[in-house]
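As structure tokens, the structure follows; a few thoughts come after it.
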Protein chains: 2
Amino acid sequence: MEYEAAKEKFISTWGSLGTLWGINKAMAQIQALLFISTKPLATEEIMEELKISRGNTSMNVRQLIDWGIVTKELVPGERREYFSTEKDVQELARIIAKERSRREIRPVIKTLEEISRVKDDGSAKTRELIKQTKALHDLAETADSMLRKVVDQKQHWLTKSVLKMIK
Amino acid sequence: MEYEAAKEKFISTWGSLGTLWGINKAMAQIQALLFISTKPLATEEIMEELKISRGNTSMNVRQLIDWGIVTKELVPGERREYFSTEKDVQELARIIAKERSRREIRPVIKTLEEISRVKDDGSAKTRELIKQTKALHDLAETADSMLRKVVDQKQHWLTKSVLKMIK
DNA sequence: TTAAACTTTCAGTAATTTTTGAAAGTTTAT
DNA sequence: ATAAACTTTCAAAAATTACTGAAAGTTTAA
């Protein structure tokens with residue numbers, strides 16, 4: 001495979017993965033483009049490479065910045081803004097895990113807690129709702145806690161030792 | 001909160017979570033409904049509870065069966081099919097993690113491998129593509145391996161010991 | 001203060017995804 | 001073989017989500 005083909009494949013693979021993970025296609029593709037770029041890119045260059053509009057580029061770059069995945073690079077003497085993404089995959093994973101926990105898992109945990117405090121009228125169906133909601137709550141808490149901590153500072157030794165344990 | 005309100009909240013929360021995870025709303029809601037039901041439900045009952053069409057119900061139940069999350073229950077002497085979902089959350093998590101690995105993570109890993117074998121022309125951009133693709137590949141492998149094994153048989157002791165380690 | 005160079009916003013449009021419902025298909029009992 | 005009771009399919013419609021592009025906004029330099 002030649003460079004151009006490989007690059008396109010990378011961007012489109014990453015783009016469709018994004019959709020699957022609740023990130024839209026353009027956003028994922030911009031990140032992919034920056035991820036394999038050897039230098040920061042300006043809006044214009046992103047638009048051209050991905051064949052998307054200025055507005056689309058602007059909004060999605062902003063979202064990536066919101067997520068903490070992309071940063072503005074100010075090139076001295078240059079008016080326009082350049083963008084680059086976090087290049088270290090471990091750090092990238094850390095940021096994504098943290099944001100997903102905050103945006104998605106935490107709110108669900110809160111709702112499950114609320115639901116499990118439904119008025120217990122003693123009926124079988126109410127009991128079942130309480131029981132199942134609590135079980136899910138516990139699972140979500142455990143998963144979230146693992147996600148956040150595993151991915152935190154201690155990745156290196158932890159990854160290694162966990163893998164050793166379960167192999 | 002009264003039972004009916006709690007139930008509706010549970011179903012709608014689960015429904016929107018589903019969307020976020022690449023499962024459609026109806027599919028997630030059907031699973032939610034079965035999850036808190038005290039008995040298996042027939043198509044007709046699902047339609048009524050969720051106010052969705054017969055076709056929609058049929059297609060989404062079939063998908064849930066495909067995923068291995070829902071099973072047909074044959075009630076002796078009854079013509080129609082009843083459905084129930086896996087009630088144990090640990091088992092549910094196991095199935096979902098396994099399926100997501102198979103359907104989503106594995107194919108991406110394969111593609112990343114392919115891309116990282118791009119013809120190395122020695123240019124900086126090709127080198128960057130190779131380097132970054134390989135880094136992502138490694139990360140994905142590690143994450144997938146952890147996901148699959150952590151969630152496998154050994155959940156109990158593992159969860160406990162990992163949590164102890166990272167706390 | 002003006003103008004050039006750029007970024008952001010947002011209403012309208014386009015693309016995608018989900019849902020419906022009626023017709024076709026299947027199964028079981030007689 | 002027929003019919004009743006049920007399930008599945010799928011083309012069309014509805015709903016949702018993403019994208020465009022032009023106008024408005026911002027920043028910097030002179």
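Quick note on naming: the chains in the structure tokens go A, B, ... in the order shown, residues restart at 1 in each chain, and ligands are numbered from 1 in order of appearance.
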Distance filter 10 Å, only C-alpha atoms (C1' of nucleotides), chain C against chain A, as a list of chain:residue names: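 So the contacting residues turn out to be C:DA5, C:DC6, C:DT7, C:DT8, C:DT9, C:DC10.
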Dump N, CA, C and O atoms (P, O5', C5', C4', C3', O3' and C1' of nucleotides) for the selected residues as a compact mmCIF listing (two decimals), in the first residue's frame?
# COMPACT_ATOMS: atom_id res chain seq x y z
P DA C 5 -5.45 40.16 3.32
O5' DA C 5 -5.72 39.35 4.67
C5' DA C 5 -4.75 39.40 5.72
C4' DA C 5 -5.25 38.52 6.83
C3' DA C 5 -5.66 37.12 6.33
O3' DA C 5 -5.11 36.16 7.22
C1' DA C 5 -7.41 38.09 7.55
P DC C 6 -4.91 34.66 6.69
O5' DC C 6 -6.10 33.94 7.48
C5' DC C 6 -5.94 33.85 8.88
C4' DC C 6 -7.23 34.16 9.59
C3' DC C 6 -8.23 33.00 9.66
O3' DC C 6 -7.79 32.07 10.66
C1' DC C 6 -9.23 35.17 9.81
P DT C 7 -8.68 30.79 10.96
O5' DT C 7 -9.88 31.32 11.87
C5' DT C 7 -9.60 31.92 13.13
C4' DT C 7 -10.91 32.12 13.86
C3' DT C 7 -11.71 30.83 14.06
O3' DT C 7 -12.17 30.84 15.41
C1' DT C 7 -13.04 32.43 12.92
P DT C 8 -13.05 29.63 15.97
O5' DT C 8 -14.54 30.18 15.86
C5' DT C 8 -14.90 31.35 16.59
C4' DT C 8 -16.33 31.68 16.31
C3' DT C 8 -17.31 30.54 16.58
O3' DT C 8 -18.25 31.06 17.51
C1' DT C 8 -17.72 31.48 14.43
P DT C 9 -19.47 30.13 18.06
O5' DT C 9 -20.69 30.56 17.13
C5' DT C 9 -21.01 31.94 17.03
C4' DT C 9 -22.14 32.10 16.04
C3' DT C 9 -23.29 31.11 16.25
O3' DT C 9 -24.48 31.87 16.27
C1' DT C 9 -22.59 31.07 13.99
P DC C 10 -25.81 31.30 16.93
O5' DC C 10 -26.76 31.09 15.66
C5' DC C 10 -26.73 32.00 14.54
C4' DC C 10 -27.41 31.31 13.37
C3' DC C 10 -28.37 30.19 13.77
O3' DC C 10 -29.47 30.20 12.87
C1' DC C 10 -26.77 29.33 12.30
Stretch 1-15 of chain D surroundings by only C-alpha atoms (C1' of nucleotides), 12 Å radius, close-in-sequence under 3 positions cut, as a PyMOL selection string: (chain B and resi 42-44+54-62+78-82) or (chain C and resi 16-30)
Residue list for chain B near chain A as a VMD selection string, 6 Å, only C-alpha atoms: chain B and resid 1 to 2 6 20 22 36 115 118 to 119 128 to 129
Distance filter 8 Å, only C-alpha atoms (C1' of nucleotides), chain D against chain A, as a count of residues only: 4
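Between atom CA of B:Ile95 and atom CA of B:Ile69 there is a distance of 7.2 Å.
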Test item, helix (DSSP H, G or I) assignment across stretch 8-49 of chain A, answer as a PyMOL selection string: chain A and resi 8-20+25-36+43-49
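Within stretch 16-149 of chain A, residues classed as strand (DSSP E) by DSSP on backbone coordinates are Leu41, Ala42, Val70, Thr71, Lys72, Glu73, Tyr82, Phe83, Ser84 and Thr85 of chain A.
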Nearby residues (only C-alpha atoms (C1' of nucleotides)) at most 9 Å from A:Glu99, same-chain spacing under 5 positions excluded, as a ChimeraX atom specification: /A:67-68,94,104
I need the residues from that last selection saved to file as an mmCIF file, in the first residue's frame (with N, CA, C and O atoms), if you can.
data_model
loop_
_atom_site.group_PDB
_atom_site.id
_atom_site.type_symbol
_atom_site.label_atom_id
_atom_site.label_comp_id
_atom_site.auth_asym_id
_atom_site.auth_seq_id
_atom_site.Cartn_x
_atom_site.Cartn_y
_atom_site.Cartn_z
ATOM 1 N N TRP A 67 -12.854 18.705 24.295
ATOM 2 C CA TRP A 67 -12.517 17.391 24.830
ATOM 3 C C TRP A 67 -11.103 17.375 25.395
ATOM 4 O O TRP A 67 -10.727 16.451 26.095
ATOM 5 N N GLY A 68 -10.308 18.359 25.017
ATOM 6 C CA GLY A 68 -8.930 18.395 25.494
ATOM 7 C C GLY A 68 -7.997 17.545 24.654
ATOM 8 O O GLY A 68 -6.889 17.223 25.077
ATOM 9 N N ARG A 94 -6.188 8.231 28.032
ATOM 10 C CA ARG A 94 -6.511 8.762 29.357
ATOM 11 C C ARG A 94 -7.573 9.857 29.250
ATOM 12 O O ARG A 94 -8.574 9.839 29.959
ATOM 13 N N GLU A 104 -20.777 10.558 30.226
ATOM 14 C CA GLU A 104 -21.773 9.518 29.991
ATOM 15 C C GLU A 104 -22.034 8.616 31.180
ATOM 16 O O GLU A 104 -23.165 8.390 31.559
#
